[in-house]
$ cat start-v8.tsv   # TSV, C-alpha atoms and all ligand atoms
chain	number	residue	atom	x	y	z
V	1	MET	CA	103.31	83.20	103.97
V	2	HIS	CA	104.26	86.03	101.75
V	3	CYS	CA	107.08	86.95	99.44
V	4	GLY	CA	109.46	89.86	99.03
V	5	ALA	CA	111.88	90.31	101.87
V	6	ARG	CA	114.19	92.82	100.23
V	7	PRO	CA	112.92	95.84	98.32
V	8	PHE	CA	114.31	96.57	94.90
V	9	HIS	CA	114.97	100.31	94.86
V	10	ARG	CA	113.75	102.51	92.07
V	11	GLY	CA	116.69	103.80	90.12
V	12	THR	CA	118.58	100.59	90.65
V	13	SER	CA	119.95	99.61	87.27
V	14	LEU	CA	119.12	96.28	85.77
V	15	LEU	CA	122.75	95.28	86.11
V	16	VAL	CA	122.46	95.77	89.87
V	17	ALA	CA	119.19	93.91	89.70
V	18	LEU	CA	121.00	91.03	88.09
V	19	LEU	CA	123.50	90.98	90.92
V	20	LEU	CA	120.74	91.21	93.52
V	21	SER	CA	118.84	88.49	91.78
V	22	VAL	CA	121.43	85.85	92.55
V	23	ILE	CA	121.19	86.60	96.27
V	24	PRO	CA	118.48	84.55	97.96
V	25	LEU	CA	115.84	87.05	99.09
V	26	GLY	CA	113.41	84.74	100.80
V	27	CYS	CA	110.50	85.59	98.49
V	28	GLY	CA	107.81	82.97	98.66
V	29	GLY	CA	108.04	82.65	102.41
V	30	SER	CA	109.02	79.02	102.25
V	31	SER	CA	112.49	77.59	101.87
V	32	THR	CA	111.22	74.12	101.15
V	33	SER	CA	111.16	72.93	97.58
V	34	VAL	CA	108.09	71.27	96.13
V	35	ALA	CA	109.80	67.89	96.32
V	36	GLU	CA	110.46	68.35	100.05
V	37	ARG	CA	106.98	69.67	100.72
V	38	LYS	CA	105.43	66.54	99.23
V	39	ASP	CA	107.28	64.31	101.66
V	40	GLY	CA	109.75	62.78	99.30
V	41	GLU	CA	107.52	62.43	96.26
V	42	ALA	CA	109.33	63.23	93.01
V	43	ALA	CA	108.94	66.85	91.96
V	44	PRO	CA	106.59	67.19	88.99
V	45	SER	CA	108.11	68.41	85.75
V	46	THR	CA	105.71	71.33	85.67
V	47	LEU	CA	104.26	73.23	88.59
V	48	LEU	CA	100.65	74.30	88.83
V	49	LEU	CA	100.54	78.01	89.61
V	50	VAL	CA	97.44	80.08	90.18
V	51	ALA	CA	97.36	83.82	89.45
V	52	THR	CA	94.53	86.20	90.28
V	53	THR	CA	94.43	88.76	87.43
V	54	GLY	CA	95.49	88.31	83.83
V	55	MET	CA	98.30	90.84	84.36
V	56	VAL	CA	99.71	88.80	87.26
V	57	GLY	CA	99.35	85.62	85.20
V	58	ASP	CA	101.24	87.29	82.35
V	59	VAL	CA	104.29	88.00	84.51
V	60	VAL	CA	104.21	84.59	86.15
V	61	GLN	CA	103.99	82.75	82.82
V	62	ARG	CA	106.81	84.80	81.33
V	63	VAL	CA	109.09	84.01	84.26
V	64	ALA	CA	108.13	80.35	84.65
V	65	ARG	CA	107.96	79.58	80.90
V	66	SER	CA	107.72	75.83	80.32
V	67	HIS	CA	108.35	74.95	83.97
V	68	ALA	CA	104.81	75.68	85.08
V	69	ARG	CA	101.20	75.70	84.01
V	70	VAL	CA	99.60	79.00	84.98
V	71	VAL	CA	95.88	79.28	85.65
V	72	THR	CA	94.35	82.75	85.90
V	73	LEU	CA	91.29	82.91	88.13
V	74	ILE	CA	89.71	86.28	87.32
V	75	PRO	CA	88.26	86.11	83.78
V	76	ALA	CA	89.07	88.75	81.14
V	77	GLY	CA	86.67	91.65	81.55
V	78	ALA	CA	85.85	90.92	85.20
V	79	ASP	CA	86.48	93.48	87.94
V	80	PRO	CA	89.10	92.37	90.52
V	81	HIS	CA	87.84	94.87	93.14
V	82	LEU	CA	84.53	93.04	93.21
V	83	TRP	CA	85.85	89.50	92.64
V	84	SER	CA	85.66	86.78	95.23
V	85	PRO	CA	86.68	83.18	94.53
V	86	THR	CA	84.01	80.60	93.73
V	87	ARG	CA	84.02	77.17	95.35
V	88	SER	CA	85.84	75.70	92.32
V	89	ASP	CA	88.38	78.55	92.44
V	90	ILE	CA	89.12	77.63	96.06
V	91	VAL	CA	89.59	73.95	95.11
V	92	GLN	CA	92.06	75.06	92.43
V	93	LEU	CA	93.82	77.38	94.88
V	94	LEU	CA	94.29	74.53	97.36
V	95	GLU	CA	95.61	72.18	94.66
V	96	ALA	CA	98.12	74.69	93.29
V	97	ASP	CA	101.83	74.74	94.13
V	98	ALA	CA	101.69	78.51	94.68
V	99	LEU	CA	99.36	81.47	94.45
V	100	PHE	CA	100.45	84.76	92.91
V	101	LEU	CA	98.38	87.88	93.49
V	102	ASN	CA	98.69	91.60	92.82
V	103	GLY	CA	98.24	92.61	96.46
V	104	LEU	CA	98.00	96.25	97.65
V	105	GLY	CA	94.31	95.63	98.33
V	106	LEU	CA	93.31	95.01	94.70
V	107	GLU	CA	91.72	91.63	95.42
V	108	GLY	CA	90.01	93.09	98.48
V	109	ARG	CA	87.24	90.51	98.79
V	110	ALA	CA	89.46	87.43	98.55
V	111	GLY	CA	91.51	87.80	101.75
V	112	GLU	CA	89.81	84.94	103.55
V	113	ALA	CA	90.42	82.52	100.67
V	114	PHE	CA	94.08	83.59	100.44
V	115	ALA	CA	94.48	82.96	104.17
V	116	ARG	CA	93.16	79.42	103.67
V	117	VAL	CA	95.74	78.80	100.95
V	118	SER	CA	98.51	80.13	103.17
V	119	ASN	CA	97.29	78.06	106.15
V	120	ALA	CA	97.38	74.98	103.92
V	121	GLY	CA	101.13	75.54	103.55
V	122	ARG	CA	101.12	76.90	100.02
V	123	PRO	CA	103.36	79.88	99.13
V	124	VAL	CA	101.30	83.02	98.57
V	125	CYS	CA	103.24	85.70	96.70
V	126	ALA	CA	102.02	89.26	96.30
V	127	ILE	CA	104.14	90.17	93.30
V	128	THR	CA	104.21	93.85	94.33
V	129	SER	CA	105.87	92.99	97.64
V	130	MET	CA	109.40	93.91	96.51
V	131	LEU	CA	108.44	97.40	95.35
V	132	THR	CA	109.48	100.30	97.58
V	133	PRO	CA	107.16	102.88	99.17
V	134	GLU	CA	108.59	105.39	96.67
V	135	ASP	CA	107.27	103.25	93.83
V	136	LEU	CA	103.73	103.44	95.15
V	137	LEU	CA	101.01	106.05	94.97
V	138	ARG	CA	98.41	106.58	97.66
V	139	ASP	CA	94.67	106.21	97.20
V	140	PRO	CA	93.69	109.93	97.11
V	141	SER	CA	90.41	109.29	98.91
V	142	ASN	CA	92.00	106.99	101.49
V	143	PRO	CA	95.64	108.03	102.02
V	144	ASN	CA	96.40	105.14	104.39
V	145	HIS	CA	96.00	102.73	101.49
V	146	PRO	CA	98.21	102.33	98.43
V	147	ASP	CA	96.83	102.60	94.92
V	148	PRO	CA	96.97	98.98	93.65
V	149	HIS	CA	96.98	99.74	89.88
V	150	VAL	CA	100.76	99.42	89.48
V	151	TRP	CA	100.57	97.56	86.15
V	152	MET	CA	99.89	100.94	84.51
V	153	ASP	CA	103.52	102.02	84.98
V	154	PRO	CA	105.76	99.84	82.76
V	155	LEU	CA	108.91	100.62	84.75
V	156	VAL	CA	107.36	99.60	88.07
V	157	TRP	CA	105.46	96.60	86.71
V	158	GLY	CA	108.50	95.21	84.91
V	159	ARG	CA	110.23	94.86	88.26
V	160	THR	CA	107.46	92.72	89.77
V	161	ALA	CA	108.97	89.88	87.71
V	162	LEU	CA	111.84	89.74	90.20
V	163	ALA	CA	109.50	88.77	93.05
V	164	VAL	CA	108.06	86.06	90.82
V	165	ALA	CA	111.57	84.78	90.05
V	166	GLU	CA	112.33	84.59	93.78
V	167	THR	CA	109.29	82.47	94.51
V	168	MET	CA	109.88	80.29	91.45
V	169	SER	CA	113.47	79.71	92.55
V	170	GLN	CA	112.24	78.33	95.84
V	171	LEU	CA	109.67	76.12	94.17
V	172	ASP	CA	112.09	74.82	91.55
V	173	PRO	CA	115.69	75.60	92.60
V	174	ALA	CA	117.21	73.72	89.65
V	175	HIS	CA	116.00	76.45	87.28
V	176	GLN	CA	116.60	79.55	89.38
V	177	GLU	CA	119.09	81.10	86.95
V	178	GLU	CA	116.61	80.72	84.13
V	179	PHE	CA	113.83	82.33	86.21
V	180	HIS	CA	116.01	85.33	86.98
V	181	ARG	CA	117.06	85.63	83.35
V	182	ASN	CA	113.40	85.56	82.30
V	183	ALA	CA	112.54	88.20	84.91
V	184	LEU	CA	115.25	90.51	83.60
V	185	ALA	CA	114.07	90.00	80.03
V	186	TYR	CA	110.56	91.00	81.13
V	187	ALA	CA	111.89	94.13	82.88
V	188	PHE	CA	113.90	95.08	79.77
V	189	GLU	CA	110.84	94.63	77.58
V	190	ALA	CA	108.87	96.87	79.95
V	191	GLU	CA	111.57	99.56	79.66
V	192	LYS	CA	111.35	99.41	75.87
V	193	LEU	CA	107.56	99.72	76.08
V	194	HIS	CA	107.98	102.78	78.31
V	195	ASP	CA	110.19	104.46	75.68
V	196	GLU	CA	107.76	103.56	72.89
V	197	ILE	CA	104.79	105.03	74.82
V	198	ASN	CA	106.71	108.23	75.62
V	199	ALA	CA	107.30	108.75	71.89
V	200	LEU	CA	103.65	108.02	71.08
V	201	LEU	CA	102.28	110.42	73.70
V	202	ASP	CA	104.51	113.25	72.46
V	203	GLN	CA	101.65	113.87	70.00
V	204	VAL	CA	99.35	115.03	72.83
V	205	PRO	CA	99.63	118.78	73.48
V	206	SER	CA	100.18	119.78	77.10
V	207	ALA	CA	96.74	121.47	77.38
V	208	ASN	CA	95.09	118.13	76.52
V	209	ARG	CA	97.08	116.00	78.94
V	210	VAL	CA	94.17	115.13	81.21
V	211	LEU	CA	92.91	111.56	81.28
V	212	ILE	CA	89.32	111.21	82.52
V	213	SER	CA	87.82	107.75	82.95
V	214	SER	CA	85.32	105.85	85.09
V	215	HIS	CA	87.58	105.04	88.05
V	216	ASP	CA	91.04	105.96	89.30
V	217	ALA	CA	92.96	103.18	87.56
V	218	PHE	CA	95.41	105.41	85.70
V	219	GLY	CA	97.27	107.26	88.44
V	220	TYR	CA	100.55	105.42	87.75
V	221	PHE	CA	100.15	105.94	84.02
V	222	GLY	CA	99.59	109.66	84.61
V	223	LYS	CA	102.55	110.03	86.93
V	224	ARG	CA	104.90	108.23	84.58
V	225	PHE	CA	103.81	109.91	81.35
V	226	GLY	CA	102.83	113.38	82.56
V	227	PHE	CA	99.02	113.27	82.51
V	228	GLU	CA	96.59	114.67	85.04
V	229	VAL	CA	94.22	111.83	85.86
V	230	ARG	CA	90.59	111.94	87.00
V	231	GLY	CA	88.59	108.86	87.88
V	232	ILE	CA	84.95	109.56	88.52
V	233	GLN	CA	84.38	106.71	90.97
V	234	GLY	CA	87.63	106.80	92.94
V	235	ILE	CA	90.19	104.01	93.32
V	236	SER	CA	87.74	101.17	93.82
V	237	THR	CA	84.74	100.54	91.62
V	238	GLU	CA	82.85	99.82	94.84
V	239	SER	CA	82.34	103.58	95.34
V	240	GLU	CA	79.74	105.59	93.40
V	241	ALA	CA	79.98	109.07	91.91
V	242	SER	CA	77.45	111.62	93.16
V	243	VAL	CA	75.44	113.95	90.93
V	244	GLY	CA	77.53	116.80	92.36
V	245	ASP	CA	80.79	115.03	91.35
V	246	ILE	CA	79.50	114.69	87.79
V	247	GLU	CA	78.37	118.32	87.60
V	248	ARG	CA	81.70	119.65	88.85
V	249	LEU	CA	83.60	117.55	86.34
V	250	VAL	CA	81.31	118.63	83.47
V	251	ALA	CA	81.98	122.28	84.32
V	252	GLU	CA	85.74	121.69	84.36
V	253	ILE	CA	85.77	119.72	81.10
V	254	CYS	CA	83.83	122.48	79.33
V	255	GLU	CA	86.04	125.23	80.73
V	256	ARG	CA	89.25	123.44	79.73
V	257	ARG	CA	87.83	122.24	76.39
V	258	VAL	CA	88.93	118.65	77.09
V	259	PRO	CA	88.34	116.79	73.78
V	260	ALA	CA	87.68	113.26	75.03
V	261	VAL	CA	86.96	111.03	78.00
V	262	PHE	CA	87.40	107.27	78.17
V	263	ILE	CA	85.27	104.30	79.06
V	264	GLU	CA	86.88	101.23	80.62
V	265	THR	CA	86.45	97.61	79.66
V	266	THR	CA	85.65	96.45	83.19
V	267	VAL	CA	83.46	99.30	84.44
V	268	SER	CA	79.95	100.45	83.51
V	269	ASP	CA	79.99	103.43	81.12
V	270	ARG	CA	77.03	105.09	82.87
V	271	THR	CA	79.00	107.90	84.52
V	272	ILE	CA	81.04	108.61	81.39
V	273	ARG	CA	77.85	108.96	79.35
V	274	ALA	CA	76.52	111.36	82.00
V	275	LEU	CA	79.59	113.54	81.36
V	276	VAL	CA	78.99	113.52	77.60
V	277	ASP	CA	75.32	114.49	78.08
V	278	GLY	CA	76.26	117.23	80.56
V	279	CYS	CA	78.83	118.69	78.18
V	280	ALA	CA	76.40	118.51	75.22
V	281	ALA	CA	73.94	120.62	77.25
V	282	ARG	CA	76.70	123.24	77.51
V	283	SER	CA	77.51	123.00	73.80
V	284	HIS	CA	80.87	121.32	74.31
V	285	PRO	CA	81.19	118.27	72.04
V	286	LEU	CA	82.90	115.68	74.19
V	287	ASN	CA	84.12	112.53	72.44
V	288	ILE	CA	84.32	109.10	73.99
V	289	GLY	CA	87.74	107.64	73.20
V	290	ALA	CA	88.38	103.94	72.57
V	291	ALA	CA	87.71	101.74	75.61
V	292	LEU	CA	90.73	101.50	77.88
V	293	PHE	CA	91.84	98.32	79.57
V	294	SER	CA	91.87	99.26	83.23
V	295	ASP	CA	91.73	96.29	85.61
V	296	SER	CA	91.70	93.46	83.09
V	297	MET	CA	93.53	92.50	79.92
V	298	GLY	CA	91.60	91.67	76.76
V	299	PRO	CA	90.64	88.11	75.84
V	300	SER	CA	93.51	85.73	75.13
V	301	GLY	CA	94.67	85.88	71.50
V	302	THR	CA	93.60	89.53	70.98
V	303	PRO	CA	96.09	92.46	70.81
V	304	GLY	CA	95.10	93.48	74.37
V	305	GLY	CA	95.39	89.91	75.62
V	306	THR	CA	98.86	90.38	77.11
V	307	TRP	CA	100.06	92.94	79.64
V	308	LEU	CA	102.33	94.55	77.06
V	309	GLY	CA	99.54	94.61	74.46
V	310	MET	CA	97.00	96.11	76.85
V	311	ILE	CA	99.29	98.96	77.90
V	312	ARG	CA	100.38	99.65	74.32
V	313	GLN	CA	96.74	99.70	73.17
V	314	ASN	CA	95.76	102.05	76.02
V	315	ALA	CA	98.55	104.47	75.11
V	316	THR	CA	97.46	104.41	71.46
V	317	SER	CA	93.83	105.09	72.47
V	318	VAL	CA	94.87	107.98	74.73
V	319	ALA	CA	97.06	109.48	72.00
V	320	ASN	CA	94.26	109.17	69.42
V	321	GLY	CA	91.62	110.60	71.77
V	322	LEU	CA	93.55	113.54	73.16
V	323	ARG	CA	95.61	114.77	70.26
V	324	GLY	CA	92.29	116.09	68.90
V	325	SER	CA	91.20	113.47	66.34
V	326	THR	CA	89.58	110.16	67.20
A	1	ZN	ZN	90.68	99.41	89.69

$ encode --input "start-v8.tsv" --output "structure tokens"
Amino acid sequence: MHCGARPFHRGTSLLVALLLSVIPLGCGGSSTSVAERKDGEAAPSTLLLVATTGMVGDVVQRVARSHARVVTLIPAGADPHLWSPTRSDIVQLLEADALFLNGLGLEGRAGEAFARVSNAGRPVCAITSMLTPEDLLRDPSNPNHPDPHVWMDPLVWGRTALAVAETMSQLDPAHQEEFHRNALAYAFEAEKLHDEINALLDQVPSANRVLISSHDAFGYFGKRFGFEVRGIQGISTESEASVGDIERLVAEICERRVPAVFIETTVSDRTIRALVDGCAARSHPLNIGAALFSDSMGPSGTPGGTWLGMIRQNATSVANGLRGST
């Protein structure tokens, strides 16, 4: 089972989204409510929903509000490219009323477990499934695959809430209007964040608008906010940078006088430190900016512990690192 039958076109206004949102789209892949699925048992007052990443859990919780308990499987700071569910994760997945994942190949090692959940009759919703091909970037080193890091673009990520609302409406039809209202509120908040970040990044001169980090997590951020983006390890952290890759990048950084590069909270800083050492040998002082949240939010209760907080903090770190003073 999967969700997202009807794409939500980029450029569609939120008013149109509101109209679309009252049309059943079939997201969730199942038209049976929880009460029906449990053979006549009374529907529980709260659903148990499982999300893969913290970012997915953030959207799901904001749409479901008090009507569900959301469990996030991938811990803060862990790398979703390398994650595979433990035995207890699988037990939780099979007990849940629905599974929400990022999709687009992010959770690449968990496909077998997701298939088990789907085969057990549970809705499995890739929250990116209602995005259009125009919303998506390609993996530059593997053009047949999409770049999964869509949470880096507030305007695109805000709209994933609509797919969540569709699935929630099928699980709990009595509250479908509320779920769609919550999804729209999330999308509006994402639009406001986009405007705030644009204003913040105005401080970065055009010559400094190059964002270099450990892996290619920031392509959507770069496209949306006008930054050239370089990830040393490619789209997935499973690939390794060669000595030649590092040397070429060092030469370019020195030639362009790039002031800072960035480490990521979920990826080893080894390659970034190799860049700093290489630039020092060529007498170019390269700073390391504040750690960026790439594939994981910060711990719960910290400023980076929500999707909005993580993206805002990243933008602040980029602005501080590249405007010339850290
Ligand atoms: Zn990644």

$ residues_around --input "start-v8.tsv" --residues "Phe188 of chain V" --least-positions-apart "6" --cutoff "10 Å" --atoms "all atoms listed in the file" --output "PyMOL selection string"
chain V and resi 14+154-155+158-159+182+194

$ atom_distance --input "start-v8.tsv" --atom1 "atom CA of Asn119 of chain V" --atom2 "atom CA of Ala98 of chain V"
12.3 Å

$ residues_near_ligand --input "start-v8.tsv" --ligand "ligand ZN 1 (chain A)" --cutoff "9 Å" --atoms "only C-alpha atoms and all ligand atoms" --output "count of residues only"
20

$ atom_distance --input "start-v8.tsv" --atom1 "atom CA of Glu255 of chain V" --atom2 "atom CA of Ala291 of chain V"
24.1 Å

$ closest_residue --input "start-v8.tsv" --among "V:Leu286, V:Gln92, V:Ser214, V:Glu252" --to "Arg270 of chain V" --atoms "only C-alpha atoms"
V:Ser214

$ decode --input "start-v8.tsv" --residues "segment 48-82 of chain V" --atoms "C-alpha atoms" --output "compact mmCIF listing (two decimals), in the first residue's frame"
# COMPACT_ATOMS: atom_id res chain seq x y z
CA LEU V 48 -0.38 4.73 17.12
CA LEU V 49 1.63 6.06 14.19
CA VAL V 50 5.22 5.24 13.40
CA ALA V 51 7.46 7.67 11.50
CA THR V 52 10.97 6.97 10.24
CA THR V 53 12.90 10.26 10.57
CA GLY V 54 12.33 13.07 13.04
CA MET V 55 11.34 15.36 10.17
CA VAL V 56 8.61 12.95 9.05
CA GLY V 57 7.48 12.56 12.66
CA ASP V 58 7.28 16.35 12.97
CA VAL V 59 4.84 16.67 10.08
CA VAL V 60 2.77 13.70 11.19
CA GLN V 61 2.45 14.98 14.76
CA ARG V 62 1.50 18.46 13.60
CA VAL V 63 -1.26 17.08 11.38
CA ALA V 64 -2.55 14.43 13.78
CA ARG V 65 -2.25 16.58 16.94
CA SER V 66 -4.02 14.92 19.86
CA HIS V 67 -5.59 12.19 17.71
CA ALA V 68 -2.45 10.08 17.55
CA ARG V 69 0.68 9.11 19.39
CA VAL V 70 3.66 9.38 17.05
CA VAL V 71 6.76 7.26 17.55
CA THR V 72 9.89 8.16 15.58
CA LEU V 73 12.15 5.19 14.86
CA ILE V 74 15.42 6.77 13.71
CA PRO V 75 17.07 8.47 16.72
CA ALA V 76 18.26 12.09 16.59
CA GLY V 77 21.76 12.16 15.15
CA ALA V 78 21.47 8.82 13.35
CA ASP V 79 21.93 8.53 9.58
CA PRO V 80 18.78 7.40 7.71
CA HIS V 81 20.78 6.26 4.65
CA LEU V 82 22.48 3.65 6.81
